[in-house]
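See structure below.
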Amino acid sequence: MALSALLLPTDLSRAQNSQPGEYQIKAAFIFNFAKFVEWPASALPTPTSPIVIGVLGENPFGDTLEKTVQNKTVEDHPLQIKWFQNAADATNCHILFISASEKPRLPAIIKALNGNTVLTVADMDHFNEGGGMIAFVMEGTKIRFRINNEPAIRVGLKISSKLLSLASR
């Protein structure tokens, strides 16, 4: 299944011109995370409410994230990208990529998002230990992800067992 292929570990050591770059791969992962997470009904009040994917801090994706989700939907929910300068403004998004530029403020960001149904994603060290939900990690030349399901459960998010089984340990 093509969907499973996007969620499998990706090797960055192959020829650069034929393979997507690091943030193209991470954008594809984020798009697919939206397919494998269930939000409470209150987070998506209508059948066509958009799933908002936010980026907090410096944007390492360029226009890649926008291009990845452009004209795509997840169960009839269109995907929308927004950029945020502070966590308080990001409490209404569904998936929030927290840029490495925000690492010094991570405890305050996690605290500000506490209780909101926001799936937090980042590619910084110790993100899961700091209360983040999905951390991108490099294992050799492969991009993988680790899941800290406890904070997701606390805010009412249900991460599918399929996604949990694909996560690195």
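Just remember, in the structure tokens the first chain shown is A, the second B, etc., residues are 1-based per chain, and ligands are 1-based in the order shown.
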
Original post:
DSSP on the backbone: what in chain A comes out strand (DSSP E), as number ranges by chain?
Top reply: A: 10-11, 37-38, 51-56, 73-74, 77-84, 95-98, 119-122, 134-139, 142-147, 158-159

**OP:** Considering only C-alpha atoms, return as a count of residues only whatever protein or nucleic-acid residues lie within 9 Å of segment 156-158 of chain A, sequence-local ones (same chain, fewer than 5 positions apart) excluded.
**Re:** 12

For Thr48 of chain A, please output as a PDB file with C-alpha atoms, in the first residue's frame all residues within 8 Å (counting only C-alpha atoms; exclusion window: fewer than 6 positions along the same chain).
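To be explicit, this is the file written out as selection_2.pdb:
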```pdb
ATOM      1  CA  ASP A  76     -13.513  15.371   3.532  1.00  0.00           C
ATOM      2  CA  HIS A  77     -11.591  17.792   5.764  1.00  0.00           C
ATOM      3  CA  PRO A  78      -9.416  20.111   3.641  1.00  0.00           C
TER       4      PRO A  78
END
```

Subject >> Residues near Pro107 of chain A, cut-off 10 Å, only C-alpha atoms, skip fewer than 3 positions along chain, as a list in words >> reply: Glu102, Lys103, Pro104, Ile110, Lys111, Ala112, Phe127, Gly130, Gly131 and Gly132 of chain A

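Checking A:Asn32, A:Asn92, A:Gln70, A:Ser42 one by one against Gly54 of chain A, counting only C-alpha atoms, you find the shortest gap at A:Asn92.
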